[in-house]
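Trainee: Next comes the structure file upload-v1.cif, holding mmCIF, C-alpha atoms and all ligand atoms.
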```
data_start
loop_
_atom_site.label_atom_id
_atom_site.label_comp_id
_atom_site.auth_asym_id
_atom_site.auth_seq_id
_atom_site.Cartn_x
_atom_site.Cartn_y
_atom_site.Cartn_z
CA MET A 321 14.26 41.74 -10.34
CA SER A 322 12.06 38.70 -9.89
CA ALA A 323 8.41 38.49 -10.98
CA ARG A 324 6.11 38.61 -7.94
CA TYR A 325 2.93 36.59 -7.35
CA ASP A 326 0.61 36.11 -4.34
CA ALA A 327 1.18 32.36 -4.45
CA ILE A 328 3.30 29.80 -6.30
CA VAL A 329 2.15 26.17 -6.53
CA VAL A 330 4.91 23.65 -7.30
CA GLY A 331 4.09 20.30 -8.97
CA GLY A 332 1.75 19.31 -11.80
CA GLY A 333 0.43 15.99 -10.41
CA LEU A 334 -3.22 15.64 -9.43
CA ALA A 335 -2.76 17.29 -6.01
CA GLY A 336 -0.78 20.15 -7.60
CA VAL A 337 -3.29 21.03 -10.31
CA ALA A 338 -6.18 20.80 -7.83
CA ALA A 339 -4.26 23.07 -5.43
CA ALA A 340 -3.42 25.60 -8.16
CA VAL A 341 -7.11 25.81 -9.10
CA ALA A 342 -8.17 26.23 -5.44
CA VAL A 343 -5.58 28.96 -4.78
CA ALA A 344 -6.49 30.92 -7.92
CA LYS A 345 -10.21 30.54 -7.17
CA ALA A 346 -9.55 32.14 -3.77
CA GLY A 347 -8.56 35.25 -5.77
CA LEU A 348 -4.75 35.03 -5.51
CA ASN A 349 -2.53 35.93 -8.43
CA THR A 350 -0.99 32.48 -8.89
CA LEU A 351 1.94 30.85 -10.71
CA HIS A 352 1.82 27.08 -11.23
CA LEU A 353 5.14 25.32 -11.89
CA ALA A 354 4.14 22.10 -13.65
CA PRO A 355 6.86 20.40 -15.70
CA LYS A 356 5.44 17.66 -17.95
CA GLY A 357 6.13 14.14 -16.70
CA PRO A 358 5.43 10.70 -18.16
CA PRO A 359 1.69 9.80 -18.29
CA ASP A 360 0.37 8.44 -14.97
CA ARG A 361 -1.11 5.04 -15.93
CA ARG A 362 -2.63 4.39 -12.48
CA THR A 363 -6.28 4.72 -11.57
CA SER A 364 -7.68 6.29 -8.41
CA ALA A 365 -10.58 5.00 -6.38
CA LEU A 366 -12.05 8.19 -4.96
CA MET A 367 -14.63 8.00 -2.18
CA GLY A 368 -17.96 9.85 -2.24
CA PRO A 369 -16.78 12.92 -0.25
CA SER A 370 -13.75 13.38 -2.57
CA VAL A 371 -15.96 13.19 -5.66
CA ASP A 372 -18.35 15.72 -4.09
CA TYR A 373 -15.36 18.02 -3.54
CA LEU A 374 -14.17 17.63 -7.16
CA ARG A 375 -17.61 18.63 -8.40
CA SER A 376 -18.06 21.57 -6.04
CA ALA A 377 -14.55 22.85 -6.86
CA GLY A 378 -15.36 22.69 -10.60
CA LEU A 379 -12.57 20.14 -11.21
CA ILE A 380 -14.84 17.56 -12.85
CA ASP A 381 -18.33 17.72 -14.27
CA ARG A 382 -20.17 14.40 -14.16
CA PRO A 383 -18.19 11.48 -12.63
CA ALA A 384 -19.90 9.03 -15.00
CA ASP A 385 -18.22 10.78 -17.98
CA ILE A 386 -14.75 9.62 -16.91
CA GLY A 387 -15.15 7.03 -14.12
CA HIS A 388 -16.85 3.85 -12.94
CA PRO A 389 -18.94 3.46 -9.77
CA LEU A 390 -17.72 1.25 -6.90
CA THR A 391 -20.69 -0.37 -5.22
CA GLN A 392 -19.11 -3.32 -3.42
CA ILE A 393 -15.83 -4.29 -1.76
CA ARG A 394 -15.16 -8.04 -1.55
CA ILE A 395 -12.29 -9.33 0.58
CA ILE A 396 -11.02 -12.89 0.14
CA ASP A 397 -8.40 -14.26 2.53
CA ALA A 398 -6.17 -16.26 0.17
CA THR A 399 -3.41 -16.95 2.71
CA ASP A 400 -2.40 -20.38 4.02
CA ARG A 401 -2.37 -19.04 7.53
CA LEU A 402 -3.58 -20.85 10.61
CA ILE A 403 -6.05 -18.10 11.42
CA ARG A 404 -7.86 -16.93 8.32
CA ALA A 405 -10.47 -14.22 7.93
CA PRO A 406 -13.96 -14.98 6.56
CA GLU A 407 -14.79 -13.84 3.01
CA THR A 408 -16.38 -10.43 3.53
CA LEU A 409 -18.59 -8.39 1.23
CA PHE A 410 -19.31 -4.74 1.91
CA ASP A 411 -22.17 -3.28 -0.07
CA SER A 412 -22.68 0.48 -0.42
CA SER A 413 -26.40 -0.04 0.19
CA ASP A 414 -25.48 -1.12 3.79
CA ALA A 415 -24.23 2.43 4.24
CA GLY A 416 -27.36 3.82 2.54
CA LEU A 417 -25.33 4.95 -0.48
CA PRO A 418 -25.72 4.25 -4.22
CA ALA A 419 -21.90 3.78 -4.40
CA PHE A 420 -18.84 4.05 -2.12
CA GLY A 421 -17.15 6.15 -4.76
CA TRP A 422 -15.74 6.06 -8.27
CA ASN A 423 -12.69 4.60 -9.97
CA PHE A 424 -11.05 7.09 -12.36
CA PRO A 425 -8.08 6.75 -14.75
CA ASN A 426 -5.51 9.33 -13.50
CA ILE A 427 -4.94 10.49 -17.10
CA LYS A 428 -8.63 11.42 -17.43
CA LEU A 429 -8.68 13.15 -14.04
CA LEU A 430 -5.62 15.19 -14.96
CA GLU A 431 -7.19 16.23 -18.28
CA ALA A 432 -10.33 17.41 -16.46
CA PHE A 433 -8.32 19.30 -13.79
CA GLU A 434 -6.18 20.97 -16.51
CA THR A 435 -9.32 22.09 -18.34
CA ALA A 436 -10.55 23.72 -15.10
CA ARG A 437 -7.13 25.36 -14.68
CA SER A 438 -7.15 26.80 -18.19
CA ARG A 439 -10.33 28.78 -17.40
CA LEU A 440 -8.73 30.91 -14.66
CA ALA A 441 -7.33 34.24 -15.83
CA ASN A 442 -5.32 34.87 -12.61
CA LEU A 443 -3.47 31.53 -12.93
CA GLU A 444 -0.32 31.31 -15.03
CA THR A 445 1.16 27.86 -15.75
CA ARG A 446 4.78 27.22 -16.71
CA GLU A 447 6.16 23.81 -17.63
CA VAL A 448 9.37 24.41 -15.74
CA ALA A 449 10.77 22.80 -12.58
CA LEU A 450 11.79 24.45 -9.33
CA SER A 451 15.50 24.21 -8.63
CA GLY A 452 15.90 26.25 -5.43
CA ILE A 453 13.96 28.16 -2.77
CA GLU A 454 15.11 30.76 -0.22
CA ARG A 455 13.48 32.97 2.38
CA THR A 456 13.68 36.77 1.87
CA THR A 457 12.41 39.29 4.44
CA ASP A 458 8.71 38.92 3.70
CA SER A 459 8.53 36.30 0.98
CA TRP A 460 9.97 33.19 -0.70
CA GLN A 461 12.27 33.51 -3.69
CA LEU A 462 12.21 30.56 -6.09
CA THR A 463 14.87 29.76 -8.68
CA LEU A 464 13.48 27.96 -11.73
CA ALA A 465 15.33 25.37 -13.79
CA ASP A 466 15.67 27.91 -16.64
CA GLY A 467 17.46 30.30 -14.25
CA GLU A 468 14.58 32.76 -13.80
CA LEU A 469 13.71 34.06 -10.31
CA VAL A 470 10.12 34.40 -9.05
CA GLU A 471 8.73 35.22 -5.62
CA ALA A 472 5.60 34.95 -3.51
CA PRO A 473 4.66 35.11 0.19
CA LEU A 474 2.77 31.78 -0.09
CA VAL A 475 4.24 28.61 -1.64
CA VAL A 476 2.34 25.34 -2.03
CA GLY A 477 4.68 22.32 -2.24
CA SER A 478 2.78 19.64 -4.12
CA ASP A 479 5.93 18.29 -5.73
CA GLY A 480 5.54 14.65 -4.72
CA LYS A 481 7.24 12.26 -2.29
CA LYS A 482 10.75 13.68 -2.84
CA SER A 483 9.47 17.27 -2.52
CA LEU A 484 12.26 19.83 -2.93
CA VAL A 485 9.99 22.43 -1.29
CA ARG A 486 9.68 20.24 1.84
CA VAL A 487 13.37 19.35 2.02
CA ALA A 488 14.73 22.85 1.30
CA THR A 489 12.49 24.60 3.84
CA ASP A 490 13.31 22.41 6.84
CA PHE A 491 10.11 20.44 7.37
CA ARG A 492 10.65 17.35 9.52
CA ALA A 493 9.47 14.11 7.92
CA ARG A 494 9.59 10.43 8.87
CA GLU A 495 10.13 7.99 5.99
CA HIS A 496 10.15 4.22 5.83
CA GLY A 497 10.74 2.10 2.71
CA PHE A 498 9.12 -1.33 2.25
CA THR A 499 10.52 -4.36 0.45
CA GLN A 500 7.10 -4.63 -1.21
CA ALA A 501 6.14 -2.81 -4.42
CA ALA A 502 2.90 -2.44 -6.39
CA LEU A 503 2.42 -3.73 -9.93
CA VAL A 504 -0.41 -2.15 -11.94
CA CYS A 505 -1.95 -2.86 -15.34
CA ASP A 506 -5.31 -2.98 -17.12
CA LEU A 507 -7.02 -6.32 -17.72
CA GLU A 508 -9.94 -7.75 -19.63
CA LEU A 509 -11.83 -10.43 -17.64
CA ALA A 510 -14.09 -13.12 -19.09
CA ARG A 511 -16.53 -12.56 -16.18
CA PRO A 512 -16.99 -8.85 -15.34
CA LEU A 513 -16.58 -7.48 -11.83
CA GLY A 514 -19.78 -5.42 -12.00
CA GLY A 515 -19.28 -2.64 -9.44
CA ALA A 516 -17.21 -4.81 -7.06
CA SER A 517 -13.61 -4.15 -6.12
CA VAL A 518 -12.20 -7.58 -5.26
CA GLU A 519 -9.21 -7.95 -2.92
CA PHE A 520 -7.41 -11.30 -2.60
CA HIS A 521 -5.28 -11.06 0.54
CA TYR A 522 -1.98 -12.99 0.27
CA GLU A 523 0.87 -13.21 2.80
CA GLN A 524 2.95 -10.57 0.96
CA GLY A 525 0.08 -8.20 0.18
CA PRO A 526 -3.25 -7.87 -1.62
CA PHE A 527 -4.01 -8.63 -5.27
CA THR A 528 -6.84 -6.22 -6.07
CA LEU A 529 -9.09 -6.00 -9.12
CA VAL A 530 -10.93 -2.69 -9.44
CA PRO A 531 -13.84 -2.25 -11.90
CA ALA A 532 -12.96 -0.13 -14.92
CA GLY A 533 -16.23 -0.45 -16.87
CA GLY A 534 -17.64 -3.40 -18.85
CA SER A 535 -15.36 -6.41 -18.53
CA ARG A 536 -12.27 -4.29 -17.83
CA ALA A 537 -10.44 -4.20 -14.52
CA ASN A 538 -7.47 -2.29 -13.10
CA LEU A 539 -5.05 -4.51 -11.22
CA VAL A 540 -3.06 -3.36 -8.19
CA TRP A 541 -0.88 -6.24 -6.98
CA ILE A 542 1.29 -5.68 -3.92
CA ASP A 543 4.03 -8.21 -3.29
CA ASP A 544 7.72 -8.51 -2.61
CA ARG A 545 9.66 -6.41 -5.12
CA GLU A 546 11.71 -9.40 -6.30
CA VAL A 547 8.55 -11.49 -6.85
CA LEU A 548 7.03 -8.71 -8.97
CA LYS A 549 10.25 -8.24 -10.97
CA ALA A 550 10.36 -11.99 -11.70
CA ALA A 551 6.68 -11.99 -12.73
CA GLN A 552 7.28 -9.00 -15.04
CA ALA A 553 10.36 -10.65 -16.55
CA ALA A 554 8.22 -13.68 -17.51
CA GLY A 555 6.52 -11.50 -20.17
CA PRO A 556 2.80 -11.08 -20.96
CA GLU A 557 2.01 -14.81 -21.16
CA GLY A 558 3.82 -15.53 -17.87
CA LEU A 559 1.99 -12.64 -16.22
CA ARG A 560 -1.34 -13.91 -17.50
CA THR A 561 -0.70 -17.34 -15.97
CA THR A 562 0.22 -15.71 -12.63
CA PHE A 563 -2.88 -13.49 -12.71
CA LEU A 564 -5.12 -16.51 -13.39
CA ALA A 565 -3.69 -18.29 -10.35
CA LYS A 566 -3.81 -15.21 -8.10
CA SER A 567 -7.44 -14.47 -9.06
CA GLN A 568 -8.29 -18.15 -8.41
CA ARG A 569 -9.93 -18.14 -11.88
CA LEU A 570 -13.01 -16.56 -10.28
CA PHE A 571 -13.38 -14.25 -13.26
CA GLY A 572 -12.50 -16.77 -15.95
CA ASP A 573 -9.87 -16.02 -18.57
CA ILE A 574 -7.74 -12.86 -18.33
CA GLN A 575 -6.17 -10.76 -21.10
CA LEU A 576 -3.58 -8.02 -20.50
CA LEU A 577 -4.59 -4.71 -22.08
CA THR A 578 -1.54 -2.63 -21.09
CA PRO A 579 2.07 -3.25 -20.04
CA ALA A 580 2.63 -3.73 -16.30
CA HIS A 581 4.22 -0.83 -14.33
CA MET A 582 5.85 -1.13 -10.93
CA PHE A 583 5.75 1.44 -8.07
CA LEU A 584 8.05 1.25 -5.03
CA LEU A 585 6.22 1.56 -1.71
CA SER A 586 7.09 3.67 1.29
CA THR A 587 5.48 5.72 4.03
CA LEU A 588 6.14 9.39 4.63
CA THR A 589 4.67 11.53 7.38
CA VAL A 590 5.43 15.19 8.11
CA GLN A 591 5.39 16.54 11.64
CA ARG A 592 3.33 19.50 10.42
CA ALA A 593 1.91 20.31 6.98
CA GLY A 594 2.42 24.08 6.95
CA MET A 595 4.67 26.82 8.42
CA ASN A 596 6.39 30.11 7.48
CA GLY A 597 4.20 30.64 4.41
CA ILE A 598 4.82 27.12 3.04
CA VAL A 599 2.00 24.60 2.67
CA LEU A 600 2.60 20.93 1.75
CA ALA A 601 -0.15 19.06 -0.12
CA GLY A 602 -0.48 15.55 -1.57
CA GLU A 603 2.46 13.15 -1.44
CA ALA A 604 4.82 15.99 -0.50
CA ALA A 605 3.11 15.73 2.91
CA HIS A 606 2.07 12.08 3.16
CA ALA A 607 2.65 8.84 1.32
CA PHE A 608 1.71 5.26 2.09
CA PRO A 609 1.04 1.95 0.33
CA PRO A 610 -2.12 1.91 -1.82
CA ILE A 611 -4.20 0.02 0.75
CA GLY A 612 -7.80 1.11 1.24
CA ALA A 613 -7.42 3.72 -1.55
CA GLN A 614 -6.45 6.64 0.69
CA GLY A 615 -3.58 8.59 -0.96
CA LEU A 616 -5.28 10.94 -3.40
CA ASN A 617 -8.42 11.06 -1.25
CA LEU A 618 -6.23 12.54 1.49
CA GLY A 619 -4.49 14.84 -1.02
CA LEU A 620 -7.86 16.26 -2.08
CA ARG A 621 -8.78 16.85 1.57
CA ASP A 622 -5.49 18.81 1.83
CA VAL A 623 -6.64 20.99 -1.04
CA ALA A 624 -10.12 21.47 0.48
CA ASP A 625 -8.52 22.61 3.77
CA LEU A 626 -6.16 24.93 1.90
CA ALA A 627 -9.20 26.54 0.23
CA ALA A 628 -10.86 26.88 3.67
CA ALA A 629 -7.73 28.45 5.20
CA LEU A 630 -7.51 30.95 2.31
CA ALA A 631 -11.21 31.82 2.64
CA ALA A 632 -10.70 32.53 6.35
CA ALA A 633 -7.53 34.63 5.85
CA ASP A 634 -7.29 38.40 6.28
CA ARG A 635 -5.07 39.31 3.33
CA SER A 636 -4.76 42.95 4.40
CA GLN A 637 -2.34 41.77 7.13
CA PRO A 638 1.35 41.83 6.13
CA SER A 639 1.95 38.29 7.41
CA TRP A 640 -1.23 36.75 5.93
CA ALA A 641 0.69 33.92 4.18
CA ILE A 642 2.31 32.78 7.43
CA ALA A 643 -1.14 32.83 9.09
CA VAL A 644 -2.59 30.74 6.22
CA SER A 645 0.18 28.13 6.52
CA GLU A 646 -0.34 27.85 10.30
CA ASP A 647 -4.12 27.65 9.99
CA TYR A 648 -3.68 24.95 7.30
CA SER A 649 -1.33 22.98 9.52
CA ARG A 650 -3.89 23.03 12.37
CA ARG A 651 -6.73 21.99 10.05
CA ARG A 652 -4.75 19.03 8.61
CA ALA A 653 -3.18 17.65 11.80
CA ASP A 654 -5.91 15.21 12.94
CA ASP A 655 -6.76 13.84 9.48
CA LEU A 656 -3.10 13.21 8.58
CA GLU A 657 -2.47 11.40 11.84
CA ARG A 658 -5.69 9.34 11.72
CA THR A 659 -5.44 8.30 8.06
CA GLY A 660 -1.68 7.58 8.18
CA GLY A 661 -2.17 5.47 11.33
CA MET A 662 -5.09 3.57 9.84
CA VAL A 663 -3.25 2.64 6.62
CA ASP A 664 -0.07 1.72 8.49
CA THR A 665 -1.96 -0.59 10.90
CA LEU A 666 -3.91 -2.18 8.04
CA PHE A 667 -0.79 -2.78 5.92
CA ARG A 668 1.25 -4.22 8.78
CA SER A 669 -1.62 -6.46 9.93
CA LEU A 670 -1.99 -7.79 6.37
CA LEU A 671 1.69 -8.73 6.22
CA SER A 672 2.18 -9.86 9.79
CA ASP A 673 3.45 -13.37 10.55
CA TYR A 674 2.61 -12.76 14.18
CA LEU A 675 -0.33 -14.96 15.21
CA PRO A 676 -2.05 -12.46 17.56
CA ALA A 677 -2.01 -9.86 14.74
CA GLN A 678 -3.56 -12.39 12.35
CA ALA A 679 -6.19 -13.27 14.96
CA LEU A 680 -7.00 -9.58 15.47
CA ARG A 681 -7.36 -9.01 11.72
CA ALA A 682 -9.56 -12.10 11.25
CA GLY A 683 -11.59 -11.15 14.35
CA GLY A 684 -11.92 -7.59 13.06
CA LEU A 685 -13.30 -8.79 9.71
CA TRP A 686 -15.74 -11.14 11.51
CA ALA A 687 -16.89 -8.23 13.67
CA LEU A 688 -17.34 -5.99 10.61
CA ARG A 689 -19.28 -8.76 8.90
CA LEU A 690 -21.61 -9.37 11.85
CA LEU A 691 -22.09 -5.95 13.45
CA PRO A 692 -23.81 -3.37 11.23
CA PRO A 693 -23.04 -0.35 13.51
CA LEU A 694 -19.33 -1.20 13.48
CA ARG A 695 -19.47 -1.67 9.71
CA LYS A 696 -21.03 1.76 9.31
CA GLN A 697 -18.29 3.32 11.45
CA ALA A 698 -15.61 1.58 9.36
CA PHE A 699 -17.23 2.87 6.14
CA GLY A 700 -17.10 6.40 7.56
CA LEU A 701 -13.41 6.08 8.49
CA GLY A 702 -12.48 4.60 5.08
CA MET A 703 -14.34 7.35 3.28
CA GLY A 704 -12.53 10.05 5.26
CA GLU A 705 -15.58 11.39 7.11
CA ARG A 706 -14.56 13.87 9.73
C1 LIG B 1 -0.20 1.70 -7.33
C2 LIG B 1 -0.90 2.87 -6.69
C3 LIG B 1 -2.29 2.93 -6.70
C4 LIG B 1 -2.95 3.99 -6.06
N1 LIG B 1 -4.32 4.00 -6.02
C5 LIG B 1 -4.94 4.99 -5.35
C6 LIG B 1 -6.36 4.98 -5.24
O1 LIG B 1 -7.04 4.07 -5.72
N2 LIG B 1 -6.97 6.00 -4.56
C7 LIG B 1 -6.25 7.03 -3.99
O2 LIG B 1 -6.84 7.94 -3.37
N3 LIG B 1 -4.89 7.07 -4.09
C8 LIG B 1 -4.23 6.08 -4.75
N4 LIG B 1 -2.88 6.10 -4.86
C9 LIG B 1 -2.14 7.27 -4.36
C10 LIG B 1 -2.17 8.41 -5.40
O3 LIG B 1 -1.82 7.92 -6.67
C11 LIG B 1 -1.23 9.53 -4.99
O4 LIG B 1 -1.58 9.95 -3.68
C12 LIG B 1 -1.33 10.73 -5.90
O5 LIG B 1 -1.19 10.38 -7.25
C13 LIG B 1 -0.24 11.73 -5.51
O6 LIG B 1 -0.40 12.88 -6.30
P1 LIG B 1 0.60 14.11 -6.05
O7 LIG B 1 0.15 15.17 -6.99
O8 LIG B 1 0.68 14.44 -4.60
O9 LIG B 1 2.04 13.54 -6.42
P2 LIG B 1 2.68 13.16 -7.85
O10 LIG B 1 1.67 12.54 -8.74
O11 LIG B 1 3.93 12.43 -7.54
O12 LIG B 1 3.01 14.58 -8.49
C14 LIG B 1 4.13 15.32 -8.09
C15 LIG B 1 4.46 16.25 -9.24
O13 LIG B 1 5.49 17.15 -8.81
C16 LIG B 1 6.38 17.31 -9.89
N5 LIG B 1 7.69 17.76 -9.36
C17 LIG B 1 8.60 17.05 -8.66
N6 LIG B 1 9.67 17.82 -8.39
C18 LIG B 1 9.41 19.04 -8.92
C19 LIG B 1 10.14 20.27 -8.98
N7 LIG B 1 11.35 20.40 -8.43
N8 LIG B 1 9.56 21.32 -9.62
C20 LIG B 1 8.32 21.23 -10.17
N9 LIG B 1 7.61 20.09 -10.17
C21 LIG B 1 8.14 19.02 -9.54
C22 LIG B 1 6.46 15.95 -10.56
O14 LIG B 1 6.91 16.08 -11.90
C23 LIG B 1 5.00 15.51 -10.48
O15 LIG B 1 4.27 15.93 -11.59
C24 LIG B 1 -2.19 5.03 -5.46
C25 LIG B 1 -0.80 4.99 -5.48
C26 LIG B 1 -0.15 3.90 -6.07
C27 LIG B 1 1.37 3.84 -6.02
#
```
As a first step, turn the structure in this file into structure tokens.
Ligand SMILES: Cc1cc2nc3c(=O)[nH]c(=O)nc-3n(C[C@H](O)[C@H](O)[C@H](O)COP(=O)(O)OP(=O)(O)OC[C@H]3O[C@@H](n4cnc5c(N)ncnc54)[C@H](O)[C@@H]3O)c2cc1C

Mentor:
Amino acid sequence: MSARYDAIVVGGGLAGVAAAVAVAKAGLNTLHLAPKGPPDRRTSALMGPSVDYLRSAGLIDRPADIGHPLTQIRIIDATDRLIRAPETLFDSSDAGLPAFGWNFPNIKLLEAFETARSRLANLETREVALSGIERTTDSWQLTLADGELVEAPLVVGSDGKKSLVRVATDFRAREHGFTQAALVCDLELARPLGGASVEFHYEQGPFTLVPAGGSRANLVWIDDREVLKAAQAAGPEGLRTTFLAKSQRLFGDIQLLTPAHMFLLSTLTVQRAGMNGIVLAGEAAHAFPPIGAQGLNLGLRDVADLAAALAAADRSQPSWAIAVSEDYSRRRADDLERTGGMVDTLFRSLLSDYLPAQALRAGGLWALRLLPPLRKQAFGLGMGER
């Protein structure tokens, strides 16, 4: 006999822990399958609405305790192209905001989310992976890596890009791999960034410095995988020389505070995000290059919509879990399509060798620079306003 729950959440990344907390807070007897992975050394720029959600959901207390405010976005066209964009500075005060959002170390976010999780009596966490999932008459039966069987009418797949939940339950997904990758590490700069995130746009992708408090910065450098591998192989001193050149020495000397880690880049889009009592959240449902800081922001909007679908559900009905998954799918459809499309267009326009695309991008940045109403609209889109 397998142990029975109302819901099982699979995956202990940021989307998974946030989802487990939301599901348990909706009153469901919940199991969270969260095997321990290596520490996630990335940081996440989260926009105002995401931070508001984290606070209202009880996932973090005060953002200033663990993060750093982002008040400006500065874009520098560092390409040698014929048509170049103007240097552009977006200030949160143009949008009437004290900050666009906050930059958080993922390790700190996860700690805060896990603290929130530990306070919920109807939420059981096991550090064990899912190894199989099958439909029964009215439920899903999950086989765990230790051989145990568990079941629930509602399953949340937040098990990342290669999601077993998604693959084993017949969701259709489109995937595309890029030759580019992202290299991340923490830096100390001689001249601090203040609250500005600074993006140098090169032909193969942006080199972005994000404020991490004081004179520290988090680097996200997107480039051809082979270029990044060669830079990494040159060791800390070689990397430092490359970073000085890429940052055009605008921030003076640079010291590396952590080793550099590389992440392969791809896009993934699902045709629908929920069906048959299965809900996909976070990178199990959508992945794209870290351009415009959208990934986790979108994952948190998944979790907010899951909470809304659960609040609207009539759990006295026998097929309530199927209704929740369909309601969730409807709620997510527009946002997933809009955000995925926006990031894809932005990424491809950054990398394009095609002159009309370069002209459009440069023209777009000029328009954003010169037309306040357009700038306001772009802020709204980037921050995930609906
Ligand atoms: C370089 C880089 C920078 C980024 N910067 C930003 C940013 O500034 N802002 C932003 O919003 N987003 C950003 N993102 C995107 C963001 O990091 C991701 O969207 C987010 O971390 C995804 O979280 P997740 O929980 O969906 O997936 P993951 O973190 O991949 O978690 C999936 C979890 O599922 C677990 N799992 C897998 N298989 C199983 C199984 N069979 N059973 C149980 N568990 C399983 C894994 O162990 C893992 O813990 C960035 C991404 C990159 C690559």

Trainee: Which polymer residues have any atom within 7 Å of an atom of stretch 591-606 of chain A, counting all atoms listed in the file, with same-chain residues fewer than 2 positions away left out, as a PyMOL selection string?

Mentor: chain A and resi 335+473-483+486+492-493+588-589+608+616+619+622-623+641-642+645-646+648-649+652-653

Trainee: Would you compute, for all listed atoms of ligand LIG 1 (chain B), the axis-aligned bounding box grown by 3 Å on each side, and then report its centre and edge lengths in Å rounded to one decimal, as AutoDock Vina command-line options?

Mentor:
```
--center_x 2.2 --center_y 11.5 --center_z -7.6 --size_x 24.4 --size_y 25.6 --size_z 14.5
```

Trainee: I need the residue nearest ligand LIG 1 (chain B) from this list: A:Pro358, A:Pro531, A:Gly347, A:Gly331. Use only C-alpha atoms and all ligand atoms for the distance.

Mentor: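 Closest candidate: A:Gly331.
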
Trainee: Measuring between all atoms listed in the file, which one of A:Gly333, A:Val644, A:Ala472, A:Ala432 shows the shortest distance to A:Arg382?

Mentor: A:Ala432

Trainee: Counting all atoms listed in the file, find the residues whose atoms lie at most 12 Å from (-5.3, -14.5, -10.7) (file coordinates) and write them out as a PyMOL selection string.

Mentor: chain A and resi 398+507+509+518-522+526-529+539-541+558-576

Trainee: What does the distance between atom CA of A:Gly421 and atom CA of A:Ala516 come to in Å, to one decimal place?

Mentor: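 These atoms are spaced 11.2 Å apart.
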
Trainee: Have a look at A:Arg511, A:Ala629, A:Lys345, A:Val470 and name the one nearest to A:Ala643; count all atoms listed in the file.

Mentor: A:Ala629

Trainee: So what do you get for atom CA of A:Thr408 versus atom CA of A:Ser517, distance-wise?

Mentor: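 Atom-to-atom, atom CA of A:Thr408 to atom CA of A:Ser517, that is 11.8 Å.
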
Trainee: For atom O3 of ligand LIG 1 (chain B) and atom CA of A:Leu585, quote the distance in Å rounded to one decimal.

Mentor: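 Straight-line distance from atom O3 of ligand LIG 1 (chain B) to atom CA of A:Leu585 works out to 11.4 Å.
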
Trainee: From the set A:Asp490, A:Asp372, A:Glu407, A:Glu447, which residue has the shortest atom-to-atom contact distance to ligand LIG 1 (chain B), counting all atoms listed in the file?

Mentor: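 Selected residue with least distance to ligand LIG 1 (chain B): A:Glu447.
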
Trainee: Taking all atoms listed in the file into account, name the residue in A:Leu390, A:Ile395, A:Ala551, A:Leu430 that is nearest to A:Leu513.

Mentor: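 Result for the nearest residue to A:Leu513: A:Leu390.
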
Trainee: Looking at A:Gly452, A:Gly615, A:Gly534, A:Gly525, which one is nearest to ligand LIG 1 (chain B), with distances taken over all atoms listed in the file?

Mentor: A:Gly615

Trainee: Just want the 12 Å neighbourhood of A:Gly467, counted on all atoms listed in the file, with same-chain residues fewer than 6 positions away dropped. Output as an MDAnalysis selection string.

Mentor: chainID A and resid 322 448:452

Trainee: Within 10 Å of (-11.3, 21.2, -14.7) (coordinates as in the file), grab all the protein and nucleic acid residues, counting all atoms listed in the file, and write them out as number ranges by chain.

Mentor: A: 337-338, 341, 374-375, 377-381, 429-439

Trainee: Residues within 6 Å of A:Gln461, please, as a PyMOL selection string. Count only C-alpha atoms; anything in the same chain fewer than 2 positions from it doesn't count.

Mentor: chain A and resi 453-454+470-471
